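For reference, the structure discussed in these notes is given below.
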Amino acid sequence: MTYHQLPRLLGSSIQPLDDASSPPRAPHARQRAGPLIRIAFFGGMALHSDGREMALNSRKAMALIAYLVLTPGMKATRVQLVGLLWSDTEEAKARASLRQLIHLVRHAFEKEGLEGLTTDRDSVKLDGSIFVTDLDCALESIERGVPLDLLIDEPRITDSFLRFHDDLDPSFDSWLATKRESVRQRLIRALEAQLSDTSHSTEATKRIARTLLQIDPTQEVACQHLMRACVASGNVGGALAAYKQLWECLEEDYDIEPSAMTQELVVAIKNAS
C-alpha cells in the first residue's frame with residue numbers, strides 16, 4: 001500500500017496550535033475541514049496535497065518539515081534548526097541557509113493555498129491542523145485493533161522511517177537514529193497493549209501478533225499469541241512455522257534459544273496434533 005492510498009483515518013483530530021503572532025489568513029487561503037497535507041515517513045518522505053505529491057526537491061527542506069512535525073508543538077528555535085542541519089557550518093552562513101530553506105518551504109505551501117508556516121526572529125512553527133502523517137494513521141489503526149497493511153508488508157518497517165535522509169548532517173543523523181528507535185518502541189507498546197486485550201477475535205489476534213513480529217521478530221510473547229491463534233483456527237502448520245522463524249531469528253541475532261515457556265508451548269502443540 002502506498003501512502004497516498006491511505007484512507008483519511010484521522011479526519012481533523014489534530015488541533016491547530018494557538019499562536020498570537022500568526023498573521024491573518026489571506027483571502028485566497030482555502031477553508032479547510034481537516035488536514036490538507038498528508039506526510040509519508042515510512043519508506044522515504046513524501047508530501048501530498050489534494051492527492052498530488054508536492055514538489056519540494058530539497059532533502060533539507062523535507063528534513064526541516066519532518067523535524068518540526070515530529071517535535072512537540074511543531075515548533076523549534078532557529079538555533080536548534082541551524083544546529084540540526086548545518087552543524088559544521090559557520091553560524092552566519094548557516095542562518096542564511098535556514099532563511100532560504102524557510103522561504104522554499106513557505107513557497108511550497110503557498111502554491112497549495114496554505115499558510116502552514118509561521119516564523120519570528122527566534123523560532124519556526126508549523127500549523128498542526130493542516131498535517132496528518134502515516135505514523136498517525138498507523139497508530140490509530142493499531143488502536144482499532146486492525147494494523148495497516150503497510151506495517152505487515154515490510155519487515156522492520158521503522159528502519160525505513162525517513163529513508164534517504166541519512167547522511168544529511170551529523171546532528172540530524174543522530175536525531176534520526178533516536179527518532180527511529182522512539183517510533184519503533186511506540187509501535188511495539190501499542191501492539192503489546194492490543195495483544196493483552198482478550199476481546200479480539202482469533203483473526204484479529206493473528207494480525208496484531210504478525211504485525212508485532214514484523215517490527216520486532218524477537219518478540220516471544222507475540223509469537224506465543226500467534227501460535228495459539230493459529231492452532232485455534234486449525235492451522236498447526238502456521239503455528240510451527242512461526243516458532244521456526246522465531247528460533248532462527250533469536251539464534252542469528254542473539255545466539256540464544258526461545259524461552260522454556262515457548263518451547264513447552266510448541267511441544268504441547270506437536271503432541272496435540
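Scheme for the C-alpha cells: letters A, B, ... for chains in order shown; per-chain residue numbers from 1; ligand numbers from 1 in order shown.
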Give one line per residue of segment 132-219 of chain A that approaches segment 228-248 of chain A to at most 10 Å, naming the two atoms of the closest pair and their distance in Å to one decimal, counting only C-alpha atoms; sort by chain then ascending residue number and deliver it as a tab-separated table.
residue	atom	partner	partner_atom	distance
A:Ser201	CA	A:Ala229	CA	9.1
A:Thr202	CA	A:Ala229	CA	5.5
A:Glu203	CA	A:Ala229	CA	7.4
A:Ala204	CA	A:Ala229	CA	9.2
A:Thr205	CA	A:Ala229	CA	6.8
A:Lys206	CA	A:Ala229	CA	6.0
A:Arg207	CA	A:Ala229	CA	9.8
A:Ala209	CA	A:Ala229	CA	9.3
A:Arg210	CA	A:Ala242	CA	9.1
A:Leu213	CA	A:Leu246	CA	8.7
A:Pro217	CA	A:Leu246	CA	6.6
A:Thr218	CA	A:Leu246	CA	6.2
A:Gln219	CA	A:Leu246	CA	8.0
For the residues in the current selection, export C-alpha atoms as a PDB file, in the first residue's frame.
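Wrote part33.pdb, looks like this:
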ATOM      1  CA  SER A 201     -11.139 -12.344  17.539  1.00  0.00           C
ATOM      2  CA  THR A 202      -8.693 -15.081  16.573  1.00  0.00           C
ATOM      3  CA  GLU A 203      -8.055 -13.461  13.200  1.00  0.00           C
ATOM      4  CA  ALA A 204      -7.501 -10.039  14.766  1.00  0.00           C
ATOM      5  CA  THR A 205      -5.063 -11.554  17.262  1.00  0.00           C
ATOM      6  CA  LYS A 206      -3.124 -13.180  14.437  1.00  0.00           C
ATOM      7  CA  ARG A 207      -2.916  -9.887  12.544  1.00  0.00           C
ATOM      8  CA  ALA A 209       0.824 -10.612  16.532  1.00  0.00           C
ATOM      9  CA  ARG A 210       2.159 -10.835  12.980  1.00  0.00           C
ATOM     10  CA  LEU A 213       6.739  -9.793  14.834  1.00  0.00           C
ATOM     11  CA  PRO A 217      10.960 -10.588  15.112  1.00  0.00           C
ATOM     12  CA  THR A 218      12.351 -11.498  18.550  1.00  0.00           C
ATOM     13  CA  GLN A 219       9.052 -10.851  20.371  1.00  0.00           C
TER      14      GLN A 219
END
Neighbour list for Ile215 of chain A as a PDB file with C-alpha atoms, in the first residue's frame, cut-off 9 Å, only C-alpha atoms, skip fewer than 5 positions in-chain:
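After the write, around.pdb holds the following:
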ATOM      1  CA  LEU A 151       3.021  -2.363   8.955  1.00  0.00           C
ATOM      2  CA  ILE A 152       2.727  -6.014   7.949  1.00  0.00           C
ATOM      3  CA  GLU A 154       7.686  -4.751   5.283  1.00  0.00           C
ATOM      4  CA  PRO A 155       9.895  -6.374   7.941  1.00  0.00           C
ATOM      5  CA  ARG A 156      11.388  -3.935  10.468  1.00  0.00           C
ATOM      6  CA  ILE A 157       9.492  -1.078   8.848  1.00  0.00           C
ATOM      7  CA  THR A 158      10.878   1.516  11.257  1.00  0.00           C
ATOM      8  CA  ARG A 184       9.732   1.533  16.944  1.00  0.00           C
ATOM      9  CA  LEU A 187       4.530   0.941  17.807  1.00  0.00           C
ATOM     10  CA  ILE A 188       5.672  -2.019  19.900  1.00  0.00           C
ATOM     11  CA  ARG A 210       2.159 -10.835  12.980  1.00  0.00           C
TER      12      ARG A 210
END
Can you list every residue of segment 62-132 of chain A that has an atom at most 12 Å from segment 136-150 of chain A, with its nearest atom pair and the distance in Å to one decimal, using only C-alpha atoms, ordered by chain then number, as JSON lines?
{"residue": "A:Val69", "atom": "CA", "partner": "A:Asp136", "partner_atom": "CA", "distance": 11.1}
{"residue": "A:Leu70", "atom": "CA", "partner": "A:Asp136", "partner_atom": "CA", "distance": 10.6}
{"residue": "A:Phe131", "atom": "CA", "partner": "A:Asp136", "partner_atom": "CA", "distance": 9.9}
{"residue": "A:Val132", "atom": "CA", "partner": "A:Asp136", "partner_atom": "CA", "distance": 6.6}
| query | In segment 14-263 of chain A, what's strand (DSSP E or B) per DSSP? Answer as a list of chain:residue names? | reply | A:Ile37, A:Arg38, A:Ile39, A:Ala40, A:Phe42, A:Ala46, A:Leu47, A:His48, A:Ser49, A:Arg52, A:Glu53, A:Lys75, A:Ala76, A:Thr77, A:Leu117, A:Thr118, A:Thr119, A:Ser123, A:Val124, A:Lys125, A:Leu126, A:Phe131, A:Val132, A:Thr133, A:Phe161
Please, could you write that set of residues out with N, CA and C atoms as a CSV table (one decimal), in the first residue's frame?
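Written out: selection_18.csv:
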chain,number,residue,atom,x,y,z
A,37,ILE,N,-2.3,18.5,4.3
A,37,ILE,CA,-1.0,18.0,3.8
A,37,ILE,C,-0.8,16.6,4.5
A,38,ARG,N,-0.7,15.6,3.7
A,38,ARG,CA,-0.5,14.2,4.2
A,38,ARG,C,1.0,13.9,4.0
A,39,ILE,N,1.6,13.4,5.1
A,39,ILE,CA,3.0,13.2,5.1
A,39,ILE,C,3.3,11.7,5.2
A,40,ALA,N,4.1,11.1,4.3
A,40,ALA,CA,4.6,9.8,4.5
A,40,ALA,C,6.0,9.8,5.0
A,42,PHE,N,7.3,6.6,6.4
A,42,PHE,CA,7.8,5.3,6.1
A,42,PHE,C,8.1,5.1,4.7
A,46,ALA,N,7.5,11.8,1.8
A,46,ALA,CA,6.7,12.4,0.7
A,46,ALA,C,5.6,13.2,1.3
A,47,LEU,N,5.2,14.3,0.6
A,47,LEU,CA,4.1,15.2,1.0
A,47,LEU,C,3.1,15.2,-0.1
A,48,HIS,N,1.8,15.1,0.3
A,48,HIS,CA,0.7,15.1,-0.7
A,48,HIS,C,-0.3,16.1,-0.3
A,49,SER,N,-0.9,16.8,-1.2
A,49,SER,CA,-2.0,17.8,-1.0
A,49,SER,C,-3.0,17.5,-2.1
A,52,ARG,N,-2.1,15.0,-4.7
A,52,ARG,CA,-1.0,15.3,-5.6
A,52,ARG,C,0.3,15.3,-4.7
A,53,GLU,N,1.4,14.8,-5.2
A,53,GLU,CA,2.6,14.9,-4.5
A,53,GLU,C,3.2,16.3,-4.6
A,75,LYS,N,7.2,23.2,16.8
A,75,LYS,CA,7.9,24.4,16.9
A,75,LYS,C,9.4,24.2,17.3
A,76,ALA,N,10.3,24.9,16.8
A,76,ALA,CA,11.7,24.8,17.2
A,76,ALA,C,12.3,26.2,17.0
A,77,THR,N,13.4,26.4,17.8
A,77,THR,CA,14.1,27.7,17.6
A,77,THR,C,15.0,27.6,16.4
A,117,LEU,N,3.1,27.7,7.8
A,117,LEU,CA,4.4,28.0,8.4
A,117,LEU,C,4.4,29.4,8.9
A,118,THR,N,4.8,29.6,10.2
A,118,THR,CA,4.9,30.9,10.8
A,118,THR,C,6.3,31.0,11.4
A,119,THR,N,6.9,32.2,11.3
A,119,THR,CA,8.2,32.5,11.9
A,119,THR,C,8.3,33.8,12.6
A,123,SER,N,12.1,31.8,16.2
A,123,SER,CA,11.6,30.4,16.1
A,123,SER,C,10.8,30.2,14.8
A,124,VAL,N,10.6,28.9,14.5
A,124,VAL,CA,9.9,28.5,13.3
A,124,VAL,C,8.8,27.5,13.8
A,125,LYS,N,7.6,27.6,13.2
A,125,LYS,CA,6.5,26.8,13.7
A,125,LYS,C,5.6,26.4,12.6
A,126,LEU,N,5.1,25.2,12.6
A,126,LEU,CA,4.1,24.7,11.7
A,126,LEU,C,2.7,24.7,12.3
A,131,PHE,N,-1.7,19.1,9.0
A,131,PHE,CA,-0.9,17.9,8.7
A,131,PHE,C,-1.5,16.6,9.3
A,132,VAL,N,-1.4,15.5,8.6
A,132,VAL,CA,-1.6,14.2,9.1
A,132,VAL,C,-0.5,13.3,8.5
A,133,THR,N,-0.1,12.4,9.3
A,133,THR,CA,1.1,11.5,8.8
A,133,THR,C,0.7,10.0,8.8
A,161,PHE,N,11.9,4.5,8.2
A,161,PHE,CA,11.4,5.8,8.6
A,161,PHE,C,12.4,6.9,8.1
| said: Just checking: using only C-alpha atoms, which residue out of A:Gly43, A:Val79, A:Gln224, A:Arg95 ends up closest to Thr262 of chain A? | reply: A:Gln224
| task | Would you kindly return, as a ChimeraX atom specification, each protein, DNA or RNA residue with an atom no farther than 12 Å from any atom of Leu81 of chain A, considering only C-alpha atoms and excluding same-chain residues fewer than 6 positions away? | result | /A:60-61,63-68,71,75,87,91,94-99,101-102,122-125,169,171-172,175
| field | Residue nearest His103 of chain A - candidates A:Ile256, A:Cys249, A:Leu212, A:Leu56, atoms counted: only C-alpha atoms | value | A:Leu56
| Taking into account only C-alpha atoms, which residue in the set A:Arg121, A:Lys179, A:Arg189, A:Arg59 is nearest to His165 of chain A? |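 Residue with the minimum atom-to-atom distance to His165 of chain A: A:Arg59.
Taking atom CA of Met45 of chain A and atom CA of Val183 of chain A as endpoints, the distance between them is 15.0 Å.
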| task | Could you jot down the atom CA of Asp127 of chain A to atom CA of Glu115 of chain A separation for me, Å, one decimal place? | result |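 Computed distance, atom CA of Asp127 of chain A to atom CA of Glu115 of chain A, equals 7.9 Å.
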| message | One number please: atom CA of Gly44 of chain A to atom CA of Gln80 of chain A, in Å, one decimal. | response |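 Going from atom CA of Gly44 of chain A over to atom CA of Gln80 of chain A covers 23.4 Å.
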| request: Between A:Asn57, A:Thr211, A:Gln100, A:Ser129, single out the one closest to Ala190 of chain A, counting only C-alpha atoms. | output: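 Selected residue with least distance to Ala190 of chain A: A:Thr211.
If only C-alpha atoms are the atoms counted, then among A:Asp167, A:Asp134, A:Asp50, A:Glu252 the closest residue to Leu36 of chain A is A:Asp50.
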| Could you write out, as a ChimeraX atom specification, all the residues of segment 150-245 of chain A that DSSP marks as alpha helix (DSSP H)? | /A:150-153,170-195,202-215,220-232,236-245
Could you turn the residues from that selection into a file that holds C-alpha atoms, as a tab-separated table (two decimals), in the first residue's frame?
chain	number	residue	atom	x	y	z
A	150	LEU	CA	1.99	-1.18	5.48
A	151	LEU	CA	3.02	-2.36	8.96
A	152	ILE	CA	2.73	-6.01	7.95
A	153	ASP	CA	4.14	-5.85	4.43
A	170	PRO	CA	25.88	14.52	11.72
A	171	SER	CA	23.41	16.17	14.11
A	172	PHE	CA	20.41	15.22	12.01
A	173	ASP	CA	21.73	11.66	11.69
A	174	SER	CA	21.91	11.38	15.47
A	175	TRP	CA	18.38	12.76	15.86
A	176	LEU	CA	17.06	10.42	13.16
A	177	ALA	CA	18.56	7.32	14.78
A	178	THR	CA	16.94	8.27	18.09
A	179	LYS	CA	13.62	9.05	16.41
A	180	ARG	CA	13.53	5.72	14.56
A	181	GLU	CA	14.02	3.84	17.82
A	182	SER	CA	11.40	6.01	19.51
A	183	VAL	CA	8.88	5.24	16.75
A	184	ARG	CA	9.73	1.53	16.94
A	185	GLN	CA	9.15	1.44	20.69
A	186	ARG	CA	5.92	3.42	20.34
A	187	LEU	CA	4.53	0.94	17.81
A	188	ILE	CA	5.67	-2.02	19.90
A	189	ARG	CA	3.98	-0.68	23.04
A	190	ALA	CA	0.74	-0.03	21.16
A	191	LEU	CA	0.73	-3.53	19.67
A	192	GLU	CA	1.59	-5.17	23.01
A	193	ALA	CA	-1.36	-3.37	24.57
A	194	GLN	CA	-3.63	-4.78	21.88
A	195	LEU	CA	-2.32	-8.31	22.38
A	202	THR	CA	-8.69	-15.08	16.57
A	203	GLU	CA	-8.06	-13.46	13.20
A	204	ALA	CA	-7.50	-10.04	14.77
A	205	THR	CA	-5.06	-11.55	17.26
A	206	LYS	CA	-3.12	-13.18	14.44
A	207	ARG	CA	-2.92	-9.89	12.54
A	208	ILE	CA	-1.75	-7.96	15.60
A	209	ALA	CA	0.82	-10.61	16.53
A	210	ARG	CA	2.16	-10.83	12.98
A	211	THR	CA	2.49	-7.06	12.85
A	212	LEU	CA	4.46	-7.02	16.10
A	213	LEU	CA	6.74	-9.79	14.83
A	214	GLN	CA	7.38	-7.84	11.64
A	215	ILE	CA	8.51	-4.85	13.68
A	220	GLU	CA	8.37	-14.19	22.05
A	221	VAL	CA	5.05	-13.14	23.59
A	222	ALA	CA	3.78	-12.15	20.15
A	223	CYS	CA	4.94	-15.49	18.76
A	224	GLN	CA	3.12	-17.33	21.56
A	225	HIS	CA	-0.10	-15.43	20.80
A	226	LEU	CA	0.30	-16.16	17.10
A	227	MET	CA	0.93	-19.86	17.70
A	228	ARG	CA	-2.14	-20.21	19.91
A	229	ALA	CA	-4.30	-18.28	17.44
A	230	CYS	CA	-3.08	-20.43	14.56
A	231	VAL	CA	-3.93	-23.60	16.49
A	232	ALA	CA	-7.36	-22.19	17.40
A	236	VAL	CA	-1.00	-26.11	13.23
A	237	GLY	CA	1.49	-25.71	10.38
A	238	GLY	CA	1.28	-21.92	10.75
A	239	ALA	CA	1.98	-22.20	14.48
A	240	LEU	CA	5.06	-24.35	13.89
A	241	ALA	CA	6.27	-22.04	11.12
A	242	ALA	CA	6.00	-19.06	13.48
A	243	TYR	CA	8.07	-20.92	16.07
A	244	LYS	CA	10.70	-21.88	13.49
A	245	GLN	CA	11.01	-18.24	12.37
